[in-house]
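Trainee: Input structure: protein04.csv, which contains CSV, C-alpha atoms.
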chain,number,residue,atom,x,y,z
A,15,MET,CA,77.4,146.3,292.1
A,16,SER,CA,81.2,146.1,292.2
A,17,SER,CA,83.2,146.9,295.3
A,18,THR,CA,84.4,150.2,293.8
A,19,THR,CA,80.9,151.6,293.8
A,20,GLU,CA,79.3,150.1,296.9
A,21,SER,CA,80.5,152.9,299.2
A,22,TYR,CA,78.7,155.8,297.6
A,23,ASP,CA,75.1,157.1,297.4
A,24,ARG,CA,74.4,156.5,293.8
A,25,LEU,CA,71.0,158.3,293.7
A,26,SER,CA,72.5,161.4,295.3
A,27,GLU,CA,75.3,161.5,292.8
A,28,LEU,CA,72.9,161.1,289.9
A,29,LYS,CA,70.8,164.0,291.1
A,30,ALA,CA,73.9,166.1,291.7
A,31,PHE,CA,75.1,165.5,288.2
A,32,ASP,CA,71.7,166.1,286.7
A,33,ASP,CA,71.2,169.3,288.6
A,34,THR,CA,74.3,170.9,287.0
A,35,LYS,CA,72.4,170.8,283.6
A,36,ALA,CA,75.8,170.8,282.0
A,37,GLY,CA,76.0,167.2,281.0
A,38,VAL,CA,79.1,165.1,280.5
A,39,LYS,CA,80.8,168.0,278.6
A,40,GLY,CA,80.5,170.0,281.9
A,41,LEU,CA,82.6,167.3,283.6
A,42,VAL,CA,85.2,167.4,280.9
A,43,ASP,CA,85.3,171.2,280.9
A,44,ALA,CA,85.9,171.1,284.6
A,45,GLY,CA,89.1,169.1,284.0
A,46,ILE,CA,87.9,165.8,285.3
A,47,THR,CA,90.7,163.2,285.2
A,48,SER,CA,88.8,160.0,286.2
A,49,VAL,CA,85.3,158.6,285.3
A,50,PRO,CA,82.9,159.2,288.2
A,51,ALA,CA,81.3,156.0,289.7
A,52,ILE,CA,77.9,156.6,288.2
A,53,PHE,CA,79.4,156.1,284.7
A,54,ARG,CA,81.4,153.0,285.4
A,55,HIS,CA,80.2,149.9,283.7
A,56,PRO,CA,80.7,146.3,284.8
A,57,HIS,CA,83.9,144.8,283.5
A,58,GLN,CA,82.2,142.1,281.5
A,59,GLN,CA,80.4,144.8,279.4
A,60,LEU,CA,83.8,146.5,278.7
A,61,SER,CA,86.1,143.6,278.1
A,62,SER,CA,85.7,143.9,274.3
A,63,SER,CA,84.6,147.4,273.8
A,64,SER,CA,86.7,150.6,274.3
A,65,CYS,CA,89.9,148.8,275.4
A,66,SER,CA,90.0,146.2,272.7
A,67,SER,CA,88.9,148.7,270.1
A,68,ILE,CA,92.2,150.6,270.7
A,69,SER,CA,94.3,147.5,270.3
A,70,THR,CA,92.4,145.8,267.4
A,71,SER,CA,91.4,148.6,265.2
A,72,THR,CA,92.9,147.0,262.1
A,73,THR,CA,91.0,143.8,262.6
A,74,THR,CA,87.7,145.5,263.3
A,75,ALA,CA,88.1,147.8,260.4
A,76,THR,CA,88.6,144.8,258.1
A,77,ARG,CA,85.6,143.1,259.6
A,78,ALA,CA,83.4,146.2,259.1
A,79,ARG,CA,83.4,145.4,255.3
A,80,THR,CA,80.7,142.8,256.1
A,81,ILE,CA,78.2,145.7,256.3
A,82,PRO,CA,77.0,146.3,252.7
A,83,ALA,CA,76.9,149.7,251.0
A,84,ILE,CA,73.7,150.1,249.0
A,85,ASP,CA,73.3,152.5,246.1
A,86,LEU,CA,69.8,153.9,246.5
A,87,SER,CA,69.8,155.4,243.0
A,88,ALA,CA,69.9,151.9,241.6
A,89,SER,CA,66.5,151.2,243.2
A,90,GLU,CA,64.8,153.5,240.7
A,91,GLY,CA,65.9,151.7,237.5
A,92,PRO,CA,64.5,148.6,235.7
A,93,ASP,CA,64.3,145.4,237.7
A,94,ALA,CA,64.8,147.3,240.9
A,95,ARG,CA,62.3,145.2,242.8
A,96,ALA,CA,64.2,142.0,242.0
A,97,ARG,CA,67.6,143.6,243.0
A,98,TRP,CA,66.2,144.9,246.3
A,99,SER,CA,64.4,141.7,247.1
A,100,SER,CA,67.7,139.9,246.8
A,101,TRP,CA,69.5,142.6,248.8
A,102,SER,CA,67.0,142.5,251.6
A,103,ARG,CA,67.5,138.8,252.3
A,104,ARG,CA,71.3,139.3,252.3
A,105,SER,CA,71.5,142.5,254.4
A,106,ALA,CA,68.5,142.2,256.7
A,107,ALA,CA,68.9,138.5,257.5
A,108,GLU,CA,72.6,137.7,257.2
A,109,THR,CA,74.1,141.0,258.4
A,110,ALA,CA,71.3,141.8,260.9
A,111,GLY,CA,69.7,144.7,259.2
A,112,PHE,CA,72.6,147.2,259.1
A,113,PHE,CA,73.5,148.8,255.8
A,114,HIS,CA,75.3,151.9,254.4
A,115,LEU,CA,73.3,154.0,252.0
A,116,VAL,CA,75.0,156.0,249.2
A,117,ASN,CA,73.6,158.1,246.3
A,118,HIS,CA,70.6,158.9,248.4
A,119,GLY,CA,70.2,162.4,247.1
A,120,VAL,CA,70.8,164.4,250.3
A,121,PRO,CA,73.4,167.1,249.5
A,122,ARG,CA,76.7,166.7,251.2
A,123,GLU,CA,76.6,170.4,252.2
A,124,LEU,CA,73.4,169.8,254.2
A,125,LEU,CA,74.8,166.7,255.9
A,126,SER,CA,77.9,168.7,256.9
A,127,ASP,CA,75.8,171.7,258.1
A,128,ALA,CA,73.7,169.4,260.3
A,129,LEU,CA,76.7,167.9,262.0
A,130,SER,CA,78.4,171.3,262.4
A,131,SER,CA,75.3,172.8,263.9
A,132,VAL,CA,74.9,170.0,266.4
A,133,ARG,CA,78.6,170.4,267.4
A,134,ARG,CA,78.1,174.1,267.7
A,135,PHE,CA,75.1,173.7,270.1
A,136,HIS,CA,76.9,171.2,272.3
A,137,GLU,CA,80.0,173.3,272.5
A,138,SER,CA,78.1,176.4,273.4
A,139,PRO,CA,78.5,178.0,276.9
A,140,PRO,CA,76.5,176.2,279.6
A,141,GLU,CA,74.2,179.1,280.1
A,142,ALA,CA,73.1,178.9,276.4
A,143,LYS,CA,72.2,175.2,276.7
A,144,ARG,CA,70.7,175.2,280.2
A,145,PRO,CA,67.2,176.6,279.1
A,146,TYR,CA,66.8,173.5,277.0
A,147,TYR,CA,67.8,171.0,279.7
A,148,THR,CA,64.8,168.9,280.7
A,149,ARG,CA,63.5,165.4,281.3
A,150,ASP,CA,59.9,166.4,280.4
A,151,LEU,CA,59.0,164.0,277.6
A,152,THR,CA,56.2,166.3,276.4
A,153,ARG,CA,58.8,168.9,275.3
A,154,ARG,CA,59.5,168.6,271.6
A,155,VAL,CA,63.0,170.0,272.0
A,156,ARG,CA,65.0,168.9,275.0
A,157,PHE,CA,68.7,168.6,276.0
A,158,ASN,CA,70.0,166.3,278.6
A,159,SER,CA,72.5,163.6,279.4
A,160,ASN,CA,71.3,160.0,279.3
A,161,PHE,CA,67.5,159.7,278.8
A,162,ASP,CA,67.6,156.7,281.2
A,163,LEU,CA,69.9,158.3,283.8
A,164,PHE,CA,67.8,157.1,286.7
A,165,GLN,CA,66.9,153.7,285.3
A,166,SER,CA,70.0,152.3,283.8
A,167,PRO,CA,72.7,150.4,285.8
A,168,ALA,CA,75.4,152.8,284.6
A,169,ALA,CA,75.3,156.1,282.8
A,170,ASN,CA,76.9,156.6,279.4
A,171,TRP,CA,79.6,159.2,278.4
A,172,ARG,CA,77.4,161.3,276.1
A,173,ASP,CA,75.0,164.3,275.9
A,174,THR,CA,72.0,164.5,273.7
A,175,LEU,CA,69.8,167.2,272.0
A,176,PHE,CA,66.4,165.7,271.1
A,177,PHE,CA,64.1,167.2,268.4
A,178,ALA,CA,60.6,165.8,267.6
A,179,ALA,CA,60.6,166.6,263.8
A,180,ALA,CA,57.3,165.0,262.8
A,181,PRO,CA,54.4,165.3,262.9
A,182,ASP,CA,55.1,169.1,262.9
A,183,GLU,CA,51.8,170.4,263.9
A,184,PRO,CA,51.5,172.8,265.6
A,185,PRO,CA,54.7,174.2,264.1
A,186,LEU,CA,57.5,174.9,266.5
A,187,ALA,CA,58.0,178.5,267.4
A,188,GLU,CA,61.4,179.7,266.2
A,189,GLU,CA,62.7,180.2,269.7
A,190,GLU,CA,61.9,176.6,270.7
A,191,LEU,CA,64.9,175.4,268.7
A,192,PRO,CA,68.4,176.6,269.9
A,193,ALA,CA,69.8,179.1,267.5
A,194,ALA,CA,72.8,176.9,266.7
A,195,VAL,CA,70.6,174.2,265.0
A,196,ARG,CA,67.6,176.3,264.0
A,197,ARG,CA,68.3,176.2,260.2
A,198,ALA,CA,70.2,173.0,259.5
A,199,VAL,CA,68.6,170.4,261.7
A,200,PRO,CA,65.0,170.9,260.5
A,201,ALA,CA,66.2,171.0,256.9
A,202,TYR,CA,68.1,167.7,257.4
A,203,ALA,CA,65.1,166.2,259.1
A,204,ALA,CA,62.9,166.9,256.1
A,205,ALA,CA,65.5,165.4,253.7
A,206,ALA,CA,65.9,162.3,256.0
A,207,ARG,CA,62.1,161.7,255.9
A,208,GLY,CA,62.3,161.6,252.1
A,209,VAL,CA,65.1,159.0,252.2
A,210,ALA,CA,63.2,156.9,254.8
A,211,ALA,CA,60.1,156.9,252.6
A,212,ARG,CA,62.0,155.5,249.7
A,213,VAL,CA,63.7,152.8,251.8
A,214,LEU,CA,60.4,151.7,253.5
A,215,GLY,CA,58.8,151.4,250.0
A,216,LEU,CA,61.6,149.1,248.9
A,217,LEU,CA,61.5,147.1,252.1
A,218,SER,CA,57.8,146.6,251.6
A,219,GLU,CA,58.4,145.2,248.2
A,220,ALA,CA,61.2,143.0,249.5
A,221,LEU,CA,58.5,141.4,251.8
A,222,GLY,CA,56.4,140.7,248.8
A,223,LEU,CA,54.0,143.6,249.7
A,224,PRO,CA,52.9,146.6,247.7
A,225,ARG,CA,55.4,149.5,247.9
A,226,GLY,CA,53.2,151.7,250.0
A,227,ARG,CA,52.2,149.0,252.6
A,228,LEU,CA,54.6,150.0,255.4
A,229,ALA,CA,53.9,153.7,254.9
A,230,ALA,CA,50.2,153.1,255.0
A,231,MET,CA,50.7,151.5,258.4
A,232,GLY,CA,52.1,154.7,259.7
A,233,CYS,CA,55.6,153.4,260.1
A,234,ALA,CA,57.2,156.8,259.4
A,235,ASP,CA,54.5,159.2,260.5
A,236,GLY,CA,56.7,160.2,263.3
A,237,ALA,CA,60.3,161.3,263.1
A,238,SER,CA,62.7,162.2,266.0
A,239,LEU,CA,66.2,163.4,265.8
A,240,VAL,CA,68.7,162.4,268.5
A,241,CYS,CA,71.8,164.5,268.2
A,242,ASN,CA,74.5,162.9,270.3
A,243,TYR,CA,77.8,164.4,271.5
A,244,TYR,CA,80.5,162.1,272.8
A,245,PRO,CA,83.2,164.1,274.7
A,246,PRO,CA,86.7,162.8,275.1
A,247,CYS,CA,86.8,160.4,278.0
A,248,PRO,CA,89.8,160.3,280.5
A,249,GLU,CA,89.2,156.5,281.2
A,250,PRO,CA,87.5,155.0,278.1
A,251,CYS,CA,88.1,151.5,279.5
A,252,ARG,CA,85.7,152.1,282.4
A,253,THR,CA,82.6,153.4,280.6
A,254,MET,CA,80.6,153.4,277.3
A,255,GLY,CA,79.5,156.1,274.9
A,256,CYS,CA,76.2,154.2,274.6
A,257,SER,CA,75.3,150.8,276.1
A,258,ALA,CA,74.4,147.9,273.8
A,259,HIS,CA,70.8,148.2,272.6
A,260,SER,CA,68.5,147.9,269.6
A,261,ASP,CA,66.3,150.8,268.4
A,262,PRO,CA,62.6,151.3,269.5
A,263,SER,CA,61.6,152.4,266.0
A,264,PHE,CA,60.6,151.0,262.6
A,265,LEU,CA,63.7,152.4,260.9
A,266,THR,CA,66.7,154.4,262.0
A,267,LEU,CA,68.8,156.7,259.7
A,268,LEU,CA,72.2,157.6,261.1
A,269,LEU,CA,74.5,160.4,260.1
A,270,GLN,CA,78.0,160.0,261.5
A,271,GLU,CA,80.8,162.4,261.7
A,272,PRO,CA,84.2,161.0,260.5
A,273,HIS,CA,86.3,160.3,263.5
A,274,ALA,CA,89.7,158.6,263.5
A,275,GLN,CA,89.0,156.6,266.7
A,276,GLY,CA,85.6,155.3,265.5
A,277,GLY,CA,82.9,154.6,268.0
A,278,LEU,CA,79.9,152.8,266.7
A,279,GLN,CA,79.9,149.0,266.8
A,280,ALA,CA,77.3,146.4,265.7
A,281,ARG,CA,76.8,142.9,266.9
A,282,LEU,CA,77.0,140.8,263.8
A,283,GLY,CA,77.7,137.5,265.7
A,284,ASP,CA,78.0,134.3,263.7
A,285,GLY,CA,79.6,132.2,266.4
A,286,GLU,CA,83.0,132.3,264.8
A,287,GLU,CA,84.5,135.4,266.5
A,288,GLU,CA,84.7,136.4,270.1
A,289,ASP,CA,81.3,138.1,270.4
A,290,GLY,CA,80.4,139.4,267.0
A,291,TRP,CA,81.1,143.1,267.5
A,292,VAL,CA,82.4,145.0,264.5
A,293,ASP,CA,83.3,148.6,263.9
A,294,VAL,CA,80.8,150.6,261.8
A,295,PRO,CA,82.7,153.6,260.4
A,296,PRO,CA,81.0,156.1,258.1
A,297,VAL,CA,81.4,155.7,254.4
A,298,GLY,CA,81.9,158.4,251.8
A,299,ASP,CA,79.8,159.0,248.7
A,300,ASP,CA,81.2,160.5,245.6
A,301,GLY,CA,77.7,160.9,244.1
A,302,GLY,CA,76.9,164.2,245.9
A,303,GLY,CA,76.3,163.3,249.5
A,304,GLY,CA,78.0,161.6,252.4
A,305,GLY,CA,77.0,158.0,253.2
A,306,LEU,CA,74.2,157.4,255.7
A,307,LEU,CA,73.7,154.3,257.8
A,308,VAL,CA,70.3,152.5,258.0
A,309,ASN,CA,69.3,149.9,260.5
A,310,VAL,CA,66.1,148.0,261.1
A,311,GLY,CA,64.3,148.9,264.3
A,312,ASP,CA,62.5,146.6,266.8
A,313,LEU,CA,59.1,147.5,265.5
A,314,LEU,CA,60.0,146.6,261.9
A,315,GLN,CA,61.3,143.2,263.2
A,316,LEU,CA,58.0,142.8,265.0
A,317,VAL,CA,55.6,143.6,262.0
A,318,SER,CA,57.8,141.5,259.6
A,319,ASN,CA,57.5,138.6,262.1
A,320,GLY,CA,61.2,138.3,262.3
A,321,ARG,CA,61.9,138.5,258.5
A,322,PHE,CA,63.9,141.7,259.1
A,323,ARG,CA,66.2,141.8,262.1
A,324,SER,CA,66.8,144.7,264.5
A,325,VAL,CA,70.5,144.7,265.2
A,326,GLU,CA,72.1,145.3,268.6
A,327,HIS,CA,74.7,148.0,268.6
A,328,ARG,CA,76.7,150.2,271.0
A,329,VAL,CA,79.1,153.1,271.0
A,330,VAL,CA,82.5,152.8,272.7
A,331,ALA,CA,83.7,155.7,274.9
A,332,ASN,CA,85.6,158.4,273.0
A,333,TRP,CA,89.3,157.7,273.7
A,334,SER,CA,90.5,160.7,271.6
A,335,GLY,CA,92.4,163.1,273.8
A,336,ASP,CA,90.9,166.3,272.4
A,337,THR,CA,88.1,165.7,269.8
A,338,ALA,CA,84.5,165.1,270.6
A,339,ARG,CA,82.4,162.8,268.4
A,340,VAL,CA,79.1,163.9,266.9
A,341,SER,CA,76.3,161.9,265.3
A,342,VAL,CA,72.6,162.5,264.3
A,343,ALA,CA,70.2,159.6,264.5
A,344,CYS,CA,66.7,160.0,262.9
A,345,PHE,CA,64.2,157.5,264.4
A,346,PHE,CA,61.1,156.8,262.3
A,347,ASN,CA,58.0,155.6,264.1
A,348,ALA,CA,54.3,156.0,264.2
A,349,ASP,CA,52.7,159.2,265.4
A,350,ILE,CA,53.6,158.4,269.0
A,351,ALA,CA,51.2,161.0,270.6
A,352,ARG,CA,48.1,160.1,268.5
A,353,SER,CA,48.4,156.5,267.2
A,354,THR,CA,46.2,153.9,268.8
A,355,ARG,CA,47.0,151.3,266.2
A,356,LEU,CA,47.9,147.8,267.3
A,357,TYR,CA,51.1,146.6,265.5
A,358,GLY,CA,51.6,142.9,265.1
A,359,PRO,CA,53.0,140.6,262.4
A,360,ILE,CA,51.5,141.6,259.0
A,361,GLU,CA,48.7,139.3,258.1
A,362,GLU,CA,49.9,138.6,254.6
A,363,LEU,CA,53.2,137.3,256.0
A,364,LEU,CA,51.4,134.8,258.2
A,365,ALA,CA,49.4,133.5,255.2
A,366,ARG,CA,52.4,132.1,253.4
A,367,PRO,CA,55.8,130.7,254.2
A,368,SER,CA,58.9,133.0,254.1
A,369,GLU,CA,60.8,132.7,250.9
A,370,SER,CA,64.1,133.7,252.5
A,371,ASP,CA,64.3,131.8,255.8
A,372,GLY,CA,62.6,128.5,255.1
A,373,GLY,CA,59.7,129.3,257.4
A,374,ASP,CA,61.9,130.3,260.4
A,375,GLY,CA,60.4,133.5,261.6
A,376,GLY,CA,57.8,133.6,258.8
A,377,GLY,CA,54.9,131.4,257.7
A,378,ALA,CA,51.7,130.8,259.6
A,379,ARG,CA,52.8,131.2,263.2
A,380,ALA,CA,53.1,134.7,264.7
A,381,VAL,CA,56.3,135.2,266.7
A,382,TYR,CA,55.2,138.4,268.5
A,383,ARG,CA,52.0,139.7,270.0
A,384,SER,CA,50.4,142.9,268.9
A,385,VAL,CA,51.3,146.1,270.7
A,386,THR,CA,50.7,149.8,270.5
A,387,VAL,CA,53.7,152.0,270.0
A,388,GLN,CA,53.0,153.7,273.3
A,389,GLU,CA,53.1,150.4,275.2
A,390,PHE,CA,56.3,149.4,273.4
A,391,LEU,CA,58.0,152.7,274.2
A,392,ALA,CA,56.8,152.6,277.8
A,393,HIS,CA,58.5,149.2,278.3
A,394,TYR,CA,61.6,150.4,276.5
A,395,ASP,CA,62.0,153.6,278.6
A,396,LYS,CA,61.2,151.8,281.9
A,397,LYS,CA,63.9,149.2,281.5
A,398,GLY,CA,66.4,151.7,280.0
A,399,LEU,CA,69.6,150.5,278.3
A,400,ASP,CA,70.0,147.5,280.5
A,401,GLY,CA,71.4,145.1,277.9
A,402,ARG,CA,68.1,143.1,277.6
A,403,PRO,CA,66.3,143.1,274.2
A,404,ALA,CA,63.0,144.9,274.4
A,405,LEU,CA,61.4,142.6,271.9
A,406,HIS,CA,61.8,139.6,274.2
A,407,HIS,CA,59.0,141.0,276.3
A,408,PHE,CA,56.6,140.7,273.4
A,409,LEU,CA,57.4,137.2,272.3
A,410,LEU,CA,54.5,134.7,272.0
A,411,PRO,CA,54.9,131.2,273.4
A,412,GLN,CA,56.0,128.8,270.6
Turn the structure described in the file into C-alpha cells.
Mentor:
Amino acid sequence: MSSTTESYDRLSELKAFDDTKAGVKGLVDAGITSVPAIFRHPHQQLSSSSCSSISTSTTTATRARTIPAIDLSASEGPDARARWSSWSRRSAAETAGFFHLVNHGVPRELLSDALSSVRRFHESPPEAKRPYYTRDLTRRVRFNSNFDLFQSPAANWRDTLFFAAAPDEPPLAEEELPAAVRRAVPAYAAAARGVAARVLGLLSEALGLPRGRLAAMGCADGASLVCNYYPPCPEPCRTMGCSAHSDPSFLTLLLQEPHAQGGLQARLGDGEEEDGWVDVPPVGDDGGGGGLLVNVGDLLQLVSNGRFRSVEHRVVANWSGDTARVSVACFFNADIARSTRLYGPIEELLARPSESDGGDGGGARAVYRSVTVQEFLAHYDKKGLDGRPALHHFLLPQ
C-alpha cells in the first residue's frame, strides 16, 4: 500500500461509503473535488490508462481499427460457414476475441431506449435507488457500487444496476425492477439473447462443430445485464472506471453509449507497443441498429481449449467534466443456479489438431481442467478484480 493510504482505516471507509447506498454518484453530487483513498489505484496500473488516454487519443483511436467490425447479416447467406470460419481465426486468435457486430437486427430505437433508461435510473434521486441497493447475490435485481468492494485492492469509479434476465422463471414481479428500466431493459435483454444465439452458432461452426453444439452445452442458458454508470471523476489519473479483467462468461455482448472521451480499452498486445492497450469506441450501423461489441469470455476459452481467447479489458476513469458514461453488458452463461455440468475442453477438439494454431492450444492435450460454473464464479468473485487472470487457476500442468 502506498504511503498516501497507509494512515487510514480502509475497512471503516469502505463500510462508510457502502452504508450511504448512494454509490459514486453520491460522492459526485456532494461536490467531491478529490478521489477518496479507497478508490486510488497503484501508479503502475494507471501509468498508461486515464492520463495517457487524454494525451494520446489520436494514436489510440487509430489503433482501435485493429478490432474488426463483423456484418452479422452476411452470416446467413451462401458459404457463410466458410466466411465465418476464416473470420473466427482472425478475430478470436489474432485480435484476442473482441469484435464489433453490425447489422444484427436489433432496432436502433431499442438500443437507445435501453441506454436512456439506465441513465435515467442512475440519475434518479438517491431515495429512489436506495431500495435496490444490496450485496445479496440471491436478489435478481440489485444496485450497488463495485461488486468486489471489500475484496479488490482499490475500488473503481462506477455504479452498477444488475439484472438477472434468464432463466426468467419465476417471472419477476413488476415492482422488482425499477420503474426507470422496467420496459426497455427486459426488451433489450430478449433481443440480446437472440443475437447471442446466432453468434454462438457461428462460433460452433468455426470450431468445426455442429451449429447447435455450444447452445446444447447450455452456454447461453443464463443471461445477466450489468448496467454501468461512470460519473465524471475529479482526478481521473488516480483511479479507474473498471480494473483490468476478463469476463467470467461464455460470451459478452456490450452496448456502449457514444462518449467523446471514450473509456473502454482492450489489451491487444503484440509486443510492439507499450503494453497493447487500445481504445474500443462504439461503432455505428447504418443498417437499422447501432453497433454492438462482442467478446469471448473465460469459459468459452476454456471449453475451446484455448482456440478462442478471452481478452483482458478495462475502463479508464471518466475525465469528462460534466457527462457521465453509460454502458450495458449482457453476460451469457450457464444457468448458474441450477447447472451441475462440468465444463472442460470439448472432446472433439482434443481428438484432432487445431487447424488455426498449429496445435498450440488445440490437439490432444487439454489445457484446462473441468470445472462447474459455480466453482469458476466462486473463484472469480473471491479474488475480485485484482489483475490476475481467473483462468490461470484452472490450468493443467503441461
Trainee: Between A:Arg153, A:Arg227, A:Arg212, A:Arg133, which is the closest to Leu191 of chain A once you count all atoms listed in the file?
Mentor: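 Between A:Arg153, A:Arg227, A:Arg212, A:Arg133, the residue approaching Leu191 of chain A most closely is A:Arg153.
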Trainee: Mind pulling up the distance from atom CA of Met231 of chain A to atom CA of Leu115 of chain A?
Mentor: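 Atom CA of Leu115 of chain A sits 23.6 Å away from atom CA of Met231 of chain A.
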Trainee: Select, from A:Ala234, A:Ser257, A:Gly208, A:Leu316, the residue with the minimum atom-to-atom distance to Asp162 of chain A, counting all atoms listed in the file.
Mentor: A:Ser257
Trainee: Hey, which of A:Asp150, A:Val385, A:Ala36, A:Phe112 ends up closest to Asp293 of chain A? Count all atoms listed in the file.
Mentor: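 Among the listed residues, A:Phe112 lies closest to Asp293 of chain A.
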Trainee: Taking only C-alpha atoms into account, which of A:His406, A:His114, A:Arg328, A:Arg207 comes nearest Ile81 of chain A?
Mentor: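 Result for the nearest residue to Ile81 of chain A: A:His114.
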Trainee: Could you tell me which of A:Leu267, A:Val381, A:Val42, A:Ala194 comes closest to Thr337 of chain A if we count all atoms listed in the file?
Mentor: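 Of A:Leu267, A:Val381, A:Val42, A:Ala194, the one nearest Thr337 of chain A, counting all atoms listed in the file, is A:Val42.
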Trainee: Between A:Gly45, A:Gly320, A:Ala179, A:Arg252, which has the minimum distance to Ala206 of chain A (counting all atoms listed in the file)?
Mentor: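 Of all the options, A:Ala179 lies closest to Ala206 of chain A.
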Trainee: With 12 Å as the threshold, what does the neighbourhood of (75.3, 161.1, 249.4) contain in terms of residues, counting all atoms listed in the file? Coordinates are those of the file; answer as an MDAnalysis selection string.
Mentor: chainID A and resid 83:87 114:126 205:206 209 269 296:307
Trainee: Residues within 12 Å of (82.1, 170.4, 281.4), file coordinates, counting all atoms listed in the file: what are they? Give the list as a ChimeraX atom specification.
Mentor: /A:31,34-47,136-141,143,159,171-173,245-247
Trainee: When you draw a straight line from atom CA of Pro295 of chain A to atom CA of Ala210 of chain A, how long is it in Å?
Mentor: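 Computed distance, atom CA of Pro295 of chain A to atom CA of Ala210 of chain A, equals 20.6 Å.
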Trainee: Quick one: residues within 8 Å of Tyr146 of chain A, all atoms listed in the file, excluding same-chain residues fewer than 5 positions away - as a PDB file with C-alpha atoms, in the frame of the given file?
Mentor:
ATOM      1  CA  VAL A 155      63.000 170.000 272.000  1.00  0.00           C
ATOM      2  CA  ARG A 156      65.000 168.900 275.000  1.00  0.00           C
ATOM      3  CA  PHE A 157      68.700 168.600 276.000  1.00  0.00           C
ATOM      4  CA  PRO A 192      68.400 176.600 269.900  1.00  0.00           C
TER       5      PRO A 192
END
Trainee: Measure the distance from atom CA of Ala343 of chain A to atom CA of Gln315 of chain A in Å and round it to one decimal.
Mentor: 18.7 Å
Trainee: Using all atoms of segment 207-211 of chain A listed in the file and a margin of 6 Å per side, can you give the axis-aligned box centre and edge lengths in Å to one decimal, as JSON?
Mentor:
{"center_x": 62.6, "center_y": 159.3, "center_z": 254.0, "size_x": 17.0, "size_y": 16.8, "size_z": 15.8}
Trainee: Near Asp349 of chain A, within 9 Å and counting all atoms listed in the file, which residues show up once chain neighbours fewer than 3 positions away are dropped, as an NGL selection string?
Mentor: :A and (180-181 or 232-237 or 352-353 or 387)
Trainee: Would you list the contacts of Leu151 of chain A as a PyMOL selection string, taking every protein, DNA or RNA residue within 12 Å and counting only C-alpha atoms, but skipping same-chain residues closer than 4 positions in sequence?
Mentor: chain A and resi 147+155-158+161-162+176-178+350-351+391-392+395
Trainee: Find the residues around Ala169 of chain A up to 7 Å (only C-alpha atoms counted), leave out those fewer than 4 positions away in its own chain, and share them as a list in words.
Mentor: Ile52, Phe53, Asn160 and Leu163 of chain A
